[in-house]
>>> print(open('protein31.cif').read())   # mmCIF, C-alpha atoms and all ligand atoms
data_model
#
loop_
_atom_site.label_atom_id
_atom_site.label_comp_id
_atom_site.auth_asym_id
_atom_site.auth_seq_id
_atom_site.Cartn_x
_atom_site.Cartn_y
_atom_site.Cartn_z
CA MET A 1 46.16 32.62 -30.14
CA GLU A 2 42.68 32.73 -28.57
CA GLN A 3 41.55 29.73 -26.59
CA PRO A 4 38.92 27.93 -28.67
CA SER A 5 35.59 28.52 -26.94
CA SER A 6 34.73 24.82 -27.07
CA PHE A 7 37.26 24.22 -24.26
CA HIS A 8 36.03 24.67 -20.72
CA PRO A 9 38.05 27.26 -18.71
CA ALA A 10 39.02 24.46 -16.29
CA SER A 11 40.57 22.46 -19.13
CA PRO A 12 44.38 22.42 -18.84
CA ILE A 13 44.76 23.14 -22.58
CA LEU A 14 47.13 26.10 -23.22
CA ASP A 15 45.81 29.22 -24.88
CA PHE A 16 49.15 30.11 -26.46
CA CYS A 17 52.08 28.31 -28.07
CA PRO A 18 55.19 28.83 -25.93
CA PRO A 19 58.75 28.34 -27.18
CA SER A 20 60.39 25.16 -25.89
CA LEU A 21 63.81 24.99 -24.22
CA PRO A 22 66.98 25.92 -26.12
CA ALA A 23 68.17 22.96 -28.20
CA ARG A 24 71.66 23.30 -26.73
CA TRP A 25 70.30 22.28 -23.31
CA TYR A 26 69.78 18.76 -24.68
CA THR A 27 73.28 18.18 -26.06
CA ASP A 28 75.82 20.41 -24.33
CA PRO A 29 77.95 18.55 -21.71
CA ALA A 30 78.57 21.80 -19.78
CA HIS A 31 74.85 22.47 -19.55
CA PHE A 32 74.34 18.85 -18.44
CA GLN A 33 76.79 19.43 -15.58
CA ARG A 34 74.88 22.57 -14.61
CA GLU A 35 71.61 20.61 -14.47
CA GLN A 36 73.25 17.89 -12.41
CA ARG A 37 74.38 20.52 -9.89
CA GLU A 38 71.25 22.67 -9.88
CA ILE A 39 68.60 20.00 -10.27
CA HIS A 40 69.68 16.44 -9.45
CA ALA A 41 72.05 17.28 -6.60
CA ARG A 42 69.24 19.27 -4.96
CA SER A 43 66.30 16.92 -5.55
CA TRP A 44 65.03 13.72 -3.95
CA ILE A 45 66.32 10.91 -6.17
CA HIS A 46 64.80 7.43 -6.28
CA VAL A 47 67.47 4.76 -5.74
CA GLY A 48 65.50 1.50 -5.33
CA ARG A 49 63.04 -0.49 -3.23
CA VAL A 50 63.67 -1.06 0.48
CA ALA A 51 62.74 -4.74 0.03
CA ASP A 52 65.30 -5.17 -2.77
CA LEU A 53 68.21 -3.94 -0.60
CA PRO A 54 69.56 -6.86 1.48
CA PRO A 55 70.66 -5.94 5.02
CA LEU A 56 74.36 -5.53 5.74
CA VAL A 57 75.27 -5.15 2.09
CA LEU A 58 76.96 -2.05 0.68
CA ARG A 59 75.43 -0.94 -2.61
CA ARG A 60 77.31 1.60 -4.67
CA ILE A 61 75.10 4.23 -6.29
CA GLU A 62 75.74 7.49 -8.11
CA ILE A 63 73.76 10.72 -7.99
CA ALA A 64 74.82 13.81 -9.90
CA GLY A 65 78.33 12.40 -10.33
CA GLN A 66 78.74 11.65 -6.62
CA ASN A 67 79.91 8.18 -5.58
CA LEU A 68 77.70 6.97 -2.70
CA ILE A 69 76.97 3.90 -0.59
CA LEU A 70 73.51 2.72 0.32
CA VAL A 71 73.27 0.38 3.30
CA LYS A 72 70.49 -1.13 5.40
CA ASP A 73 71.32 -2.20 8.94
CA ASP A 74 69.97 -5.31 10.68
CA LYS A 75 67.08 -3.27 12.09
CA GLY A 76 66.01 -2.16 8.63
CA VAL A 77 67.26 1.43 8.85
CA VAL A 78 68.50 2.62 5.45
CA ARG A 79 71.36 5.10 5.23
CA CYS A 80 73.31 6.75 2.46
CA LEU A 81 76.99 7.59 2.97
CA HIS A 82 79.49 9.20 0.65
CA ASN A 83 81.87 6.57 -0.72
CA THR A 84 85.01 8.35 0.42
CA CYS A 85 87.20 7.52 3.44
CA ARG A 86 87.96 10.39 5.80
CA HIS A 87 91.63 9.34 6.03
CA ARG A 88 92.93 10.06 2.54
CA GLY A 89 89.78 9.77 0.51
CA SER A 90 89.95 6.21 -0.78
CA GLU A 91 86.80 4.63 -2.11
CA LEU A 92 85.31 2.43 0.62
CA CYS A 93 83.11 0.18 -1.48
CA GLN A 94 84.73 -0.91 -4.73
CA HIS A 95 81.96 -3.12 -6.08
CA THR A 96 78.38 -2.62 -7.19
CA GLU A 97 77.40 -4.67 -4.15
CA GLN A 98 79.56 -5.90 -1.31
CA LYS A 99 78.47 -8.10 1.61
CA LEU A 100 79.73 -6.83 4.97
CA LYS A 101 81.67 -9.28 7.12
CA SER A 102 80.67 -7.40 10.27
CA LYS A 103 78.57 -4.37 11.12
CA LEU A 104 81.51 -2.19 10.18
CA ILE A 105 82.53 -0.54 6.93
CA THR A 106 86.28 -1.00 6.62
CA CYS A 107 88.32 1.01 4.17
CA PRO A 108 90.34 -1.36 1.97
CA TYR A 109 93.35 1.01 1.96
CA HIS A 110 94.60 1.50 5.57
CA GLU A 111 91.65 -0.21 7.25
CA TRP A 112 89.90 2.57 9.09
CA SER A 113 86.52 1.22 10.18
CA TYR A 114 83.20 3.01 10.48
CA ASP A 115 79.90 1.87 11.94
CA LEU A 116 76.81 1.92 9.74
CA GLU A 117 75.91 5.39 10.93
CA GLY A 118 79.26 6.52 9.54
CA ARG A 119 81.07 7.04 12.89
CA LEU A 120 84.79 6.31 12.82
CA VAL A 121 85.38 3.50 15.33
CA ARG A 122 88.79 1.96 14.52
CA VAL A 123 92.10 3.38 13.32
CA PRO A 124 94.41 0.35 13.30
CA HIS A 125 98.24 0.19 13.16
CA VAL A 126 98.46 3.76 14.49
CA PRO A 127 99.50 4.81 18.02
CA GLU A 128 97.13 7.00 20.03
CA THR A 129 97.82 10.45 18.60
CA PRO A 130 97.16 13.64 20.57
CA GLY A 131 95.03 16.10 18.70
CA PHE A 132 93.36 13.50 16.46
CA ASP A 133 89.63 13.46 17.14
CA LYS A 134 87.83 10.38 15.83
CA THR A 135 84.44 11.99 16.24
CA ALA A 136 85.44 14.69 13.73
CA HIS A 137 86.20 12.05 11.07
CA GLY A 138 82.87 10.34 10.46
CA LEU A 139 81.71 9.58 6.93
CA PHE A 140 79.75 12.23 5.07
CA SER A 141 76.11 11.29 4.82
CA ALA A 142 73.18 12.16 2.54
CA ARG A 143 69.50 12.44 3.47
CA VAL A 144 67.27 9.41 3.06
CA LYS A 145 63.49 9.34 2.78
CA LEU A 146 61.35 6.21 2.49
CA TRP A 147 58.02 6.53 0.67
CA ASN A 148 55.74 3.63 -0.20
CA GLY A 149 58.63 1.17 -0.04
CA PHE A 150 60.84 3.30 -2.33
CA ILE A 151 64.15 4.80 -1.14
CA PHE A 152 64.93 8.42 -2.00
CA VAL A 153 68.23 10.20 -1.39
CA CYS A 154 68.98 13.92 -1.44
CA LEU A 155 72.54 15.24 -1.52
CA ALA A 156 71.60 18.72 -0.35
CA ASP A 157 72.00 19.71 3.30
CA ASP A 158 68.72 21.61 2.98
CA PRO A 159 66.59 19.12 1.04
CA PRO A 160 63.25 20.21 -0.37
CA ASP A 161 60.12 19.18 1.52
CA PHE A 162 59.48 15.62 0.36
CA ALA A 163 55.72 15.93 0.88
CA SER A 164 55.57 18.45 -1.96
CA LEU A 165 57.32 16.11 -4.42
CA PRO A 166 54.60 13.66 -5.60
CA ASP A 167 52.60 15.73 -8.08
CA ILE A 168 49.21 14.52 -6.88
CA GLY A 169 50.12 14.44 -3.19
CA ALA A 170 52.20 12.27 -0.87
CA ASP A 171 49.05 10.29 0.08
CA ALA A 172 48.15 9.44 -3.51
CA LEU A 173 49.00 5.74 -3.13
CA ASN A 174 47.71 5.21 0.40
CA ASN A 175 44.99 2.84 -0.81
CA TRP A 176 47.57 0.54 -2.41
CA PRO A 177 49.55 -1.83 -0.13
CA MET A 178 52.75 -0.33 -1.53
CA GLU A 179 55.28 -1.41 1.06
CA SER A 180 54.41 -5.09 0.83
CA LEU A 181 54.54 -5.28 -2.98
CA VAL A 182 57.25 -7.45 -4.48
CA THR A 183 59.32 -6.68 -7.60
CA GLY A 184 58.22 -9.31 -10.14
CA HIS A 185 60.05 -7.97 -13.17
CA ARG A 186 62.64 -5.33 -13.97
CA MET A 187 63.58 -3.93 -17.38
CA THR A 188 66.65 -1.72 -17.71
CA SER A 189 67.57 0.17 -20.86
CA VAL A 190 69.97 2.94 -21.81
CA LEU A 191 68.41 5.48 -24.14
CA GLN A 192 70.51 7.64 -26.43
CA CYS A 193 68.76 10.83 -25.41
CA ASN A 194 68.86 13.62 -22.87
CA TRP A 195 66.83 12.98 -19.71
CA LYS A 196 64.53 15.94 -20.48
CA VAL A 197 63.58 14.45 -23.84
CA PHE A 198 62.23 11.40 -22.06
CA TRP A 199 60.25 13.50 -19.57
CA GLU A 200 58.82 15.73 -22.27
CA ASN A 201 57.61 12.69 -24.16
CA TYR A 202 56.09 11.39 -20.90
CA ASN A 203 54.25 14.68 -20.43
CA GLU A 204 52.14 14.63 -23.58
CA CYS A 205 50.01 12.28 -25.61
CA LEU A 206 50.11 14.22 -28.82
CA HIS A 207 52.50 11.51 -30.00
CA CYS A 208 50.21 8.65 -28.94
CA PRO A 209 48.23 8.23 -32.18
CA GLY A 210 51.42 7.90 -34.23
CA ILE A 211 53.64 6.01 -31.78
CA HIS A 212 51.42 3.76 -29.62
CA PRO A 213 48.81 1.78 -31.62
CA THR A 214 48.27 -0.86 -28.90
CA LEU A 215 48.02 1.70 -26.11
CA CYS A 216 45.52 3.80 -28.09
CA ASP A 217 43.40 0.69 -28.57
CA MET A 218 43.40 0.11 -24.80
CA VAL A 219 42.91 3.80 -23.85
CA PRO A 220 40.79 5.27 -26.67
CA VAL A 221 41.14 8.91 -25.51
CA TYR A 222 44.91 8.65 -26.16
CA GLY A 223 44.02 8.05 -29.80
CA GLN A 224 42.76 11.66 -29.89
CA GLY A 225 46.25 12.88 -28.95
CA VAL A 226 45.31 13.90 -25.40
CA MET A 227 45.96 12.46 -21.94
CA SER A 228 42.44 12.73 -20.53
CA ALA A 229 38.86 13.67 -21.30
CA SER A 230 39.43 17.13 -19.78
CA GLU A 231 41.43 18.06 -22.90
CA VAL A 232 38.65 17.23 -25.30
CA PRO A 233 36.40 20.04 -26.61
CA GLY A 234 33.05 20.08 -24.83
CA TRP A 235 34.35 18.57 -21.58
CA THR A 236 33.03 20.12 -18.35
CA PRO A 237 34.09 19.46 -14.74
CA GLU A 238 30.57 18.12 -14.09
CA ALA A 239 31.02 15.36 -16.68
CA GLU A 240 30.55 11.93 -15.15
CA ALA A 241 33.85 10.05 -14.68
CA VAL A 242 34.03 6.97 -16.87
CA SER A 243 36.75 4.39 -17.31
CA PRO A 244 39.31 5.52 -19.89
CA LEU A 245 39.90 1.88 -20.87
CA LYS A 246 38.19 0.19 -23.79
CA GLU A 247 35.03 -1.72 -23.02
CA GLY A 248 35.58 -4.85 -20.96
CA ALA A 249 39.17 -3.94 -19.98
CA ARG A 250 40.13 -3.45 -16.32
CA THR A 251 43.87 -2.85 -16.45
CA TRP A 252 47.02 -2.48 -18.55
CA THR A 253 47.66 -6.09 -19.50
CA ARG A 254 47.75 -7.66 -22.96
CA ASN A 255 44.22 -9.05 -22.56
CA GLY A 256 42.95 -6.16 -20.40
CA GLN A 257 42.14 -8.51 -17.51
CA PRO A 258 43.68 -8.22 -14.01
CA CYS A 259 46.67 -10.45 -13.35
CA GLY A 260 45.37 -11.31 -9.85
CA PRO A 261 42.86 -10.07 -7.30
CA GLU A 262 42.20 -6.32 -7.46
CA PHE A 263 43.52 -4.31 -4.49
CA PRO A 264 40.68 -4.29 -1.95
CA GLY A 265 41.34 -0.82 -0.48
CA LEU A 266 40.82 1.28 -3.63
CA SER A 267 38.07 3.90 -3.78
CA GLN A 268 35.35 3.70 -6.41
CA ALA A 269 36.94 6.71 -8.14
CA GLN A 270 40.32 4.92 -8.26
CA ARG A 271 38.68 1.82 -9.74
CA THR A 272 36.86 3.88 -12.34
CA ALA A 273 40.04 5.77 -13.22
CA ALA A 274 41.66 2.31 -13.82
CA PHE A 275 45.17 3.74 -13.38
CA THR A 276 46.71 6.49 -11.24
CA PHE A 277 49.90 8.24 -12.37
CA VAL A 278 52.13 9.81 -9.70
CA THR A 279 55.13 11.79 -10.93
CA LEU A 280 58.14 12.55 -8.72
CA MET A 281 60.27 14.89 -10.79
CA PRO A 282 63.05 14.51 -11.88
CA THR A 283 63.52 10.93 -10.92
CA MET A 284 60.52 8.63 -11.32
CA TYR A 285 56.88 8.01 -12.01
CA VAL A 286 54.59 5.38 -10.61
CA VAL A 287 51.50 3.98 -12.30
CA ALA A 288 49.18 2.24 -9.87
CA HIS A 289 46.70 -0.09 -11.55
CA VAL A 290 43.84 -1.96 -9.89
CA ASP A 291 45.91 -5.19 -9.72
CA TYR A 292 49.60 -4.22 -9.88
CA VAL A 293 51.92 -1.20 -9.84
CA ARG A 294 54.66 -0.09 -12.23
CA ALA A 295 57.53 2.27 -11.32
CA VAL A 296 59.83 3.86 -13.88
CA THR A 297 63.08 5.51 -12.82
CA VAL A 298 64.86 8.03 -15.04
CA ARG A 299 68.60 8.42 -14.43
CA PRO A 300 70.67 10.83 -16.52
CA LEU A 301 74.05 9.32 -17.48
CA SER A 302 75.38 12.10 -19.71
CA ALA A 303 74.04 14.91 -21.87
CA GLU A 304 72.82 12.40 -24.45
CA GLN A 305 72.35 9.19 -22.46
CA THR A 306 69.66 8.24 -19.97
CA GLU A 307 69.11 5.03 -18.06
CA LEU A 308 65.55 3.85 -17.65
CA VAL A 309 64.56 1.21 -15.10
CA ALA A 310 60.99 -0.08 -15.20
CA GLU A 311 59.82 -2.28 -12.34
CA TRP A 312 56.58 -4.24 -12.09
CA LEU A 313 55.39 -4.64 -8.47
CA PHE A 314 52.84 -7.24 -7.35
CA PRO A 315 51.32 -8.69 -4.20
CA ALA A 316 53.40 -11.79 -3.33
CA GLU A 317 50.23 -13.94 -3.58
CA THR A 318 49.59 -12.76 -7.15
CA LEU A 319 53.11 -13.75 -8.20
CA ALA A 320 52.80 -17.15 -6.49
CA ALA A 321 49.32 -17.98 -7.82
CA PRO A 322 49.15 -20.99 -10.14
CA GLY A 323 48.72 -19.89 -13.74
CA PHE A 324 50.04 -16.35 -13.12
CA ASP A 325 51.00 -15.01 -16.55
CA LEU A 326 53.87 -12.53 -16.15
CA ALA A 327 54.18 -11.95 -19.91
CA ASN A 328 50.52 -10.88 -20.12
CA VAL A 329 51.31 -8.04 -17.71
CA VAL A 330 54.83 -7.08 -18.70
CA ASP A 331 54.50 -7.16 -22.50
CA PHE A 332 51.85 -4.46 -22.61
CA ALA A 333 53.74 -1.65 -20.85
CA ALA A 334 57.15 -2.91 -22.04
CA THR A 335 55.98 -2.30 -25.62
CA VAL A 336 54.85 1.22 -24.70
CA ILE A 337 58.15 1.94 -22.94
CA ARG A 338 60.14 0.70 -25.95
CA GLU A 339 58.03 2.85 -28.28
CA ASP A 340 58.60 5.89 -26.05
CA GLY A 341 62.33 5.11 -25.89
CA ALA A 342 62.61 4.91 -29.69
CA ALA A 343 60.62 8.17 -30.06
CA SER A 344 62.89 9.90 -27.53
CA GLU A 345 66.03 8.76 -29.37
CA MET A 346 64.55 9.94 -32.67
CA ASN A 347 63.79 13.32 -31.08
CA GLN A 348 67.37 13.56 -29.74
CA ARG A 349 68.95 12.88 -33.14
CA GLY A 350 66.92 15.69 -34.68
CA LEU A 351 67.69 18.08 -31.83
CA ARG A 352 71.39 18.01 -32.76
CA ASN A 353 70.71 19.83 -36.00
CA ALA A 354 72.41 23.24 -35.98
CA ARG A 355 69.38 24.90 -37.64
CA PHE A 356 67.09 23.91 -34.77
CA GLU A 357 67.38 26.45 -31.94
CA HIS A 358 64.18 25.71 -30.06
CA GLY A 359 60.74 24.30 -30.77
CA THR A 360 57.15 25.48 -30.23
CA LEU A 361 54.69 23.78 -27.91
CA MET A 362 51.10 23.08 -28.90
CA PRO A 363 48.08 23.66 -26.58
CA GLN A 364 47.87 19.96 -25.60
CA GLU A 365 51.52 20.10 -24.47
CA PHE A 366 50.62 21.98 -21.28
CA ASP A 367 52.46 19.46 -19.13
CA VAL A 368 55.58 19.70 -21.29
CA PHE A 369 55.31 23.45 -20.72
CA ASN A 370 54.92 22.90 -16.95
CA PHE A 371 57.99 20.64 -16.99
CA GLN A 372 60.04 23.16 -18.97
CA GLN A 373 58.99 25.99 -16.63
CA TRP A 374 60.08 23.79 -13.71
CA VAL A 375 63.49 23.29 -15.37
CA ARG A 376 63.85 27.03 -15.99
CA ARG A 377 62.90 27.77 -12.37
CA LYS A 378 65.44 25.24 -11.02
CA LEU A 379 68.15 26.81 -13.17
CA GLY A 380 67.21 30.36 -12.21
CA GLU A 381 66.34 31.17 -15.84
CA PRO A 382 63.50 33.54 -16.78
CA LEU A 383 60.11 31.88 -17.09
CA VAL A 384 58.18 32.00 -20.34
CA THR A 385 54.93 33.97 -20.29
CA ARG A 386 52.29 34.63 -22.90
CA ASN A 387 54.26 37.68 -23.97
CA THR A 388 57.69 36.08 -24.20
CA ARG A 389 59.19 36.52 -27.64
CA PRO A 390 61.48 33.68 -28.63
S1 LIG B 401 92.23 6.12 2.85
FE1 LIG B 401 90.88 4.92 4.02
S2 LIG B 401 92.08 4.18 5.62
FE2 LIG B 401 93.44 5.35 4.44
FE FE B 402 54.31 7.65 -25.09
#
>>> encode(input="protein31.cif", output="structure tokens", more="lines below")
Ligand code: FES
Ligand SMILES: [Fe+2]
Amino acid sequence: MEQPSSFHPASPILDFCPPSLPARWYTDPAHFQREQREIHARSWIHVGRVADLPPLVLRRIEIAGQNLILVKDDKGVVRCLHNTCRHRGSELCQHTEQKLKSKLITCPYHEWSYDLEGRLVRVPHVPETPGFDKTAHGLFSARVKLWNGFIFVCLADDPPDFASLPDIGADALNNWPMESLVTGHRMTSVLQCNWKVFWENYNECLHCPGIHPTLCDMVPVYGQGVMSASEVPGWTPEAEAVSPLKEGARTWTRNGQPCGPEFPGLSQAQRTAAFTFVTLMPTMYVVAHVDYVRAVTVRPLSAEQTELVAEWLFPAETLAAPGFDLANVVDFAATVIREDGAASEMNQRGLRNARFEHGTLMPQEFDVFNFQQWVRRKLGEPLVTRNTRP
């Protein structure tokens, strides 16, 4: 297919219609395990906000099927340790959260104790034994990276360079006071779909006209089935940037008005853009508005189940201001997230059909294509090119 001449060469619109991923990759438990190993166990995974992790509390988390402990010491250092005792492998932390009685992690089985760096410090009820080296029996640890108040963990011993993870750059949110923002609302849901279905839906707006009436009213360009003006025929890079929001609106709230003072450090371009999306594949995306920030975390549970956690982050003063209307902020995006969730589940149900082997992407689905190429690359599968025959 030739690229229609009305699209500028700098437009991201595709000039061919690539095949999408094999349908089996969305339903097959063995393929899911392969993705967990090849993708999630080797990526930086978002596991929560630093401010939401109390010090000296063990929090049990799971990444790619691995049972882990997250802990923050009294100096604020966050660590991630594997939840397995070096004696005979018992689980150390048995609860979702467990307050420490001291600065030691003590195994509930035979009471070996470790400090918060994972060093073995006590082996009670056992005589001094020649040949047993405590220093060789520390807990296994995973890498931790803090970014804008979010905690990321990577299971790999050779983690990828974190700076290359945020799609629009690690500095993208520097003008927002990210670390001091407070979680004002959290919405957790379990979607009956594969994690890739959610991300594919995130990566296109071709569904927006049919699925998101309220969002299309707020962001009129979405009503054309595209994510930005650069995908509209006739666009040129010289075109003056204008707010994508409807007239009079400043942000994603029910009434379009900011829920508190706008962040003072934003550039004029960031104010005009009204919202800035940062994607950290495969684990989360952040949407920074002029008055608040939203973070959505995508956690695969099984081949056909995905947990979604949406968090709304505010300056503490905004939350405490008299008359602050949380529902005015939360309802808008919560509706969009529910609509996307329902669309993803609908997609998943259809994907199970034995007649459907793979789909075909349309030119506006360039970011779905980019995502699928990324998945293929992570799995060591051949990439699709213009000449690939399905
Ligand atoms: S398994 Fe932990 S002390 Fe024995
Ligand atoms: Fe959507």
>>> closest_atom_pairs(input="protein31.cif", of="chain A", to="ligand FE 402 (chain B)", cutoff="6 Å", atoms="only C-alpha atoms and all ligand atoms", output="JSON lines")
{"residue": "A:Tyr202", "atom": "CA", "partner": "B:FE402", "partner_atom": "FE", "distance": 5.9}
{"residue": "A:Cys208", "atom": "CA", "partner": "B:FE402", "partner_atom": "FE", "distance": 5.7}
{"residue": "A:Asp340", "atom": "CA", "partner": "B:FE402", "partner_atom": "FE", "distance": 4.7}
>>> residues_near_ligand(input="protein31.cif", ligand="ligand LIG 401 (chain B)", cutoff="6 Å", atoms="only C-alpha atoms and all ligand atoms", output="PyMOL selection string")
chain A and resi 85+87-90+107+109-112
>>> residues_around(input="protein31.cif", residues="Thr283 in chain A", least_positions_apart="4", cutoff="9 Å", atoms="all atoms listed in the file", output="PDB file with C-alpha atoms, keeping the file's coordinate frame")
ATOM      1  CA  HIS A  40      69.680  16.440  -9.450  1.00  0.00           C
ATOM      2  CA  SER A  43      66.300  16.920  -5.550  1.00  0.00           C
ATOM      3  CA  TRP A  44      65.030  13.720  -3.950  1.00  0.00           C
ATOM      4  CA  ILE A  45      66.320  10.910  -6.170  1.00  0.00           C
ATOM      5  CA  HIS A  46      64.800   7.430  -6.280  1.00  0.00           C
ATOM      6  CA  VAL A  47      67.470   4.760  -5.740  1.00  0.00           C
ATOM      7  CA  THR A 279      55.130  11.790 -10.930  1.00  0.00           C
ATOM      8  CA  VAL A 296      59.830   3.860 -13.880  1.00  0.00           C
ATOM      9  CA  THR A 297      63.080   5.510 -12.820  1.00  0.00           C
ATOM     10  CA  VAL A 298      64.860   8.030 -15.040  1.00  0.00           C
ATOM     11  CA  ARG A 299      68.600   8.420 -14.430  1.00  0.00           C
TER      12      ARG A 299
END
>>> closest_residue(input="protein31.cif", among="A:Gln373, A:Asn175, A:Asn83, A:Ser164", to="Glu262 in chain A", atoms="all atoms listed in the file")
A:Asn175
>>> closest_residue(input="protein31.cif", among="A:Glu307, A:Glu339, A:Glu35, A:Glu247", to="Pro209 in chain A", atoms="all atoms listed in the file")
A:Glu339
>>> residues_around(input="protein31.cif", residues="Val78 in chain A", least_positions_apart="2", cutoff="12 Å", atoms="only C-alpha atoms", output="VMD selection string")
chain A and resid 47 to 59 69 to 76 80 to 81 116 to 117 141 to 146 149 to 153
>>> closest_residue(input="protein31.cif", among="A:Phe263, A:Phe7, A:Arg271, A:Asp28", to="Val242 in chain A", atoms="all atoms listed in the file")
A:Arg271
>>> closest_residue(input="protein31.cif", among="A:Thr236, A:His137, A:Phe332, A:Ser267", to="Pro213 in chain A", atoms="all atoms listed in the file")
A:Phe332
>>> atom_distance(input="protein31.cif", atom1="CA of Pro258 in chain A", atom2="CA of Asn174 in chain A")
20.1 Å
>>> atom_distance(input="protein31.cif", atom1="CA of Pro300 in chain A", atom2="CA of Asn194 in chain A")
7.2 Å
>>> closest_residue(input="protein31.cif", among="A:Ala303, A:Val197, A:Cys154, A:Ala334", to="Pro29 in chain A", atoms="only C-alpha atoms")
A:Ala303
>>> residues_around(input="protein31.cif", residues="Asn67 in chain A", least_positions_apart="2", cutoff="9 Å", atoms="all atoms listed in the file", output="PyMOL selection string")
chain A and resi 60-65+69+82-84+91
>>> write_last_selection(input="protein31.cif", atoms="C-alpha atoms", output="compact mmCIF listing (two decimals), keeping the file's coordinate frame")
# COMPACT_ATOMS: atom_id res chain seq x y z
CA ARG A 60 77.31 1.60 -4.67
CA ILE A 61 75.10 4.23 -6.29
CA GLU A 62 75.74 7.49 -8.11
CA ILE A 63 73.76 10.72 -7.99
CA ALA A 64 74.82 13.81 -9.90
CA GLY A 65 78.33 12.40 -10.33
CA ILE A 69 76.97 3.90 -0.59
CA HIS A 82 79.49 9.20 0.65
CA ASN A 83 81.87 6.57 -0.72
CA THR A 84 85.01 8.35 0.42
CA GLU A 91 86.80 4.63 -2.11
>>> atom_distance(input="protein31.cif", atom1="CA of Trp195 in chain A", atom2="CA of Met284 in chain A")
11.4 Å
>>> decode(input="protein31.cif", residues="range 224-235 of chain A", atoms="N, CA, C and O atoms", output="PDB file, in the first residue's frame")
ATOM      1  N   GLN A 224     -11.068  11.545  15.906  1.00  0.00           N
ATOM      2  CA  GLN A 224     -10.721  11.198  14.513  1.00  0.00           C
ATOM      3  C   GLN A 224     -10.002   9.853  14.444  1.00  0.00           C
ATOM      4  O   GLN A 224      -9.478   9.467  13.399  1.00  0.00           O
ATOM      5  N   GLY A 225      -9.881   9.179  15.600  1.00  0.00           N
ATOM      6  CA  GLY A 225      -9.256   7.853  15.610  1.00  0.00           C
ATOM      7  C   GLY A 225      -7.741   7.903  15.603  1.00  0.00           C
ATOM      8  O   GLY A 225      -7.082   6.925  15.235  1.00  0.00           O
ATOM      9  N   VAL A 226      -7.166   9.037  15.999  1.00  0.00           N
ATOM     10  CA  VAL A 226      -5.705   9.159  16.039  1.00  0.00           C
ATOM     11  C   VAL A 226      -5.283   9.717  17.395  1.00  0.00           C
ATOM     12  O   VAL A 226      -6.092  10.272  18.129  1.00  0.00           O
ATOM     13  N   MET A 227      -3.987   9.563  17.702  1.00  0.00           N
ATOM     14  CA  MET A 227      -3.494   9.984  19.016  1.00  0.00           C
ATOM     15  C   MET A 227      -3.027  11.429  19.033  1.00  0.00           C
ATOM     16  O   MET A 227      -2.943  12.039  20.081  1.00  0.00           O
ATOM     17  N   SER A 228      -2.644  11.960  17.863  1.00  0.00           N
ATOM     18  CA  SER A 228      -2.179  13.350  17.852  1.00  0.00           C
ATOM     19  C   SER A 228      -2.342  13.944  16.465  1.00  0.00           C
ATOM     20  O   SER A 228      -2.571  13.224  15.480  1.00  0.00           O
ATOM     21  N   ALA A 229      -2.183  15.270  16.412  1.00  0.00           N
ATOM     22  CA  ALA A 229      -2.376  15.981  15.147  1.00  0.00           C
ATOM     23  C   ALA A 229      -1.414  15.504  14.070  1.00  0.00           C
ATOM     24  O   ALA A 229      -1.710  15.607  12.873  1.00  0.00           O
ATOM     25  N   SER A 230      -0.254  14.932  14.467  1.00  0.00           N
ATOM     26  CA  SER A 230       0.735  14.512  13.472  1.00  0.00           C
ATOM     27  C   SER A 230       0.244  13.343  12.610  1.00  0.00           C
ATOM     28  O   SER A 230       0.862  13.000  11.606  1.00  0.00           O
ATOM     29  N   GLU A 231      -0.884  12.740  13.013  1.00  0.00           N
ATOM     30  CA  GLU A 231      -1.427  11.610  12.243  1.00  0.00           C
ATOM     31  C   GLU A 231      -2.581  12.034  11.337  1.00  0.00           C
ATOM     32  O   GLU A 231      -3.225  11.195  10.713  1.00  0.00           O
ATOM     33  N   VAL A 232      -2.828  13.323  11.303  1.00  0.00           N
ATOM     34  CA  VAL A 232      -3.940  13.814  10.500  1.00  0.00           C
ATOM     35  C   VAL A 232      -3.394  14.288   9.143  1.00  0.00           C
ATOM     36  O   VAL A 232      -2.337  14.920   9.101  1.00  0.00           O
ATOM     37  N   PRO A 233      -4.085  13.947   8.039  1.00  0.00           N
ATOM     38  CA  PRO A 233      -3.607  14.408   6.730  1.00  0.00           C
ATOM     39  C   PRO A 233      -3.414  15.928   6.737  1.00  0.00           C
ATOM     40  O   PRO A 233      -4.207  16.655   7.328  1.00  0.00           O
ATOM     41  N   GLY A 234      -2.342  16.363   6.082  1.00  0.00           N
ATOM     42  CA  GLY A 234      -2.098  17.802   5.983  1.00  0.00           C
ATOM     43  C   GLY A 234      -1.209  18.353   7.087  1.00  0.00           C
ATOM     44  O   GLY A 234      -0.731  19.472   7.008  1.00  0.00           O
ATOM     45  N   TRP A 235      -0.963  17.552   8.134  1.00  0.00           N
ATOM     46  CA  TRP A 235      -0.098  18.029   9.224  1.00  0.00           C
ATOM     47  C   TRP A 235       1.337  18.208   8.718  1.00  0.00           C
ATOM     48  O   TRP A 235       1.810  17.440   7.869  1.00  0.00           O
TER      49      TRP A 235
END
